[in-house]
Amino acid sequence: MLSNLEIIVANRKLMNVDYLELEFGKRYAISGPSGSGKSSLVTKIVDTITSNVGEGSSICSPKNTKVSLINQQYYFPLNKNLQEIIFYPKNVNQEKITLVQQLLTKANLTQYKLDQVEDWYGVLSGGQKQKIRIISAIIQKPEILILDEVFNGLDKKSIELMQTIITEKLPDALVISVDHSVLENNSTGFYTDSLTVDEGKLMDYHQNLKYQDERLDYALFEETTNHGKKYYDSYEGEW
């Protein structure tokens, strides 16, 4: 739950959320103009959950919720083999190696060996780096997975592939994804709900995003979203 939440950066108020509930097992896309506070919002959610501190009871989650964040920053330490990169910063978990191998196969990354040592930042392409980071998050089995523009740099086929893997391996997780290309990146029906930042408020469209013959019916989308959207500025219950 998010309640009475304000996102302020450099003394500038970017966004406020009066009241919003996000459900486990659903995958939310967050879109909106650049600089509207989307990345700051997901970072605040992660920081609050992992530190178990709710600032003014603004963010509340089940106790000991396990959360993974994939943001726009790449970091691949030197002199590590591939399995150390995938498990970083934790030690390699031998019980999960079989799962890692399965995920590398699904992601079409079998050309690399788990004991192979490379300058991975230089060896891997941008898309391959994203796939590795997604695999790294999945093996941690998070209850909440947050993706901050993770699908940038991936081609359509790779996006569909990684979305399918996330859905299969984390079916009960709450996924929150900042995505500037929600419509184009939803050919698999990955997103179950759409959130949009509009004039400093977070709005929930409360409807499934659907493609028809791989092309979105924009007129229907606009009609249904305008019909169903609502502002979270009228909550009057007790917190």
# chains A, B, ... in the order shown; residues from 1 in each chain; ligands from 1

call {"tool": "select_by_dssp", "arguments": {"residues": "stretch 58-104 of chain A", "states": "strand (DSSP E)", "output": "list in words"}}
result
Val67, Ser68, Leu69, Ile70, Lys80 and Asn81 of chain A

call {"tool": "write_last_selection", "arguments": {"atoms": "N, CA and C atoms", "output": "PDB file, in the first residue's frame"}}
result
ATOM      1  N   VAL A  67      12.670  -8.218  -2.064  1.00  0.00           N
ATOM      2  CA  VAL A  67      12.506  -7.354  -3.231  1.00  0.00           C
ATOM      3  C   VAL A  67      13.803  -7.316  -4.033  1.00  0.00           C
ATOM      4  N   SER A  68      13.667  -7.312  -5.359  1.00  0.00           N
ATOM      5  CA  SER A  68      14.807  -7.166  -6.263  1.00  0.00           C
ATOM      6  C   SER A  68      14.542  -5.993  -7.195  1.00  0.00           C
ATOM      7  N   LEU A  69      15.561  -5.181  -7.409  1.00  0.00           N
ATOM      8  CA  LEU A  69      15.467  -4.035  -8.302  1.00  0.00           C
ATOM      9  C   LEU A  69      16.477  -4.174  -9.427  1.00  0.00           C
ATOM     10  N   ILE A  70      16.016  -3.998 -10.651  1.00  0.00           N
ATOM     11  CA  ILE A  70      16.922  -3.886 -11.792  1.00  0.00           C
ATOM     12  C   ILE A  70      16.752  -2.470 -12.324  1.00  0.00           C
ATOM     13  N   LYS A  80      35.734 -11.956 -12.359  1.00  0.00           N
ATOM     14  CA  LYS A  80      34.710 -12.877 -11.866  1.00  0.00           C
ATOM     15  C   LYS A  80      34.255 -13.772 -13.010  1.00  0.00           C
ATOM     16  N   ASN A  81      33.932 -15.041 -12.671  1.00  0.00           N
ATOM     17  CA  ASN A  81      33.358 -15.891 -13.710  1.00  0.00           C
ATOM     18  C   ASN A  81      31.867 -15.589 -13.823  1.00  0.00           C
TER      19      ASN A  81
END

call {"tool": "select_by_dssp", "arguments": {"residues": "stretch 10-232 of chain A", "states": "helix (DSSP H, G or I)", "output": "JSON, numbers by chain"}}
result
{"A": [38, 39, 40, 41, 42, 43, 44, 45, 46, 47, 48, 49, 50, 51, 55, 56, 57, 82, 83, 84, 85, 86, 87, 94, 95, 96, 97, 98, 99, 100, 101, 102, 103, 104, 105, 106, 120, 121, 122, 123, 126, 127, 128, 129, 130, 131, 132, 133, 134, 135, 136, 137, 138, 156, 157, 158, 159, 160, 161, 162, 163, 164, 165, 166, 167, 168, 169, 218, 219, 220, 221, 222, 223, 224, 225, 226, 227, 228]}

call {"tool": "residues_around", "arguments": {"residues": "stretch 35-49 of chain A", "least_positions_apart": "2", "cutoff": "9 Å", "atoms": "only C-alpha atoms", "output": "ChimeraX atom specification"}}
result
/A:2,6-9,13-15,30-33,51-55,59-69,71,146-149,176-178,197-200

call {"tool": "closest_residue", "arguments": {"among": "A:Leu161, A:Leu103, A:Leu174, A:Val117", "to": "A:Pro77", "atoms": "only C-alpha atoms"}}
result
A:Val117

call {"tool": "closest_residue", "arguments": {"among": "A:Lys96, A:Lys141, A:Lys157, A:Arg27", "to": "A:Asn108", "atoms": "only C-alpha atoms"}}
result
A:Lys157

call {"tool": "closest_residue", "arguments": {"among": "A:Ala107, A:Leu78, A:Ile166, A:Val92", "to": "A:Gly122", "atoms": "only C-alpha atoms"}}
result
A:Leu78

call {"tool": "atom_distance", "arguments": {"atom1": "atom CA of A:Ile134", "atom2": "atom CA of A:Leu104"}}
result
10.6 Å

call {"tool": "residues_around", "arguments": {"residues": "A:Ile135", "least_positions_apart": "4", "cutoff": "12 Å", "atoms": "only C-alpha atoms", "output": "number ranges by chain"}}
result
A: 68, 70, 82-83, 85-88, 96-97, 99-109, 128-131, 139-142, 145, 161-163, 165-166, 169-170
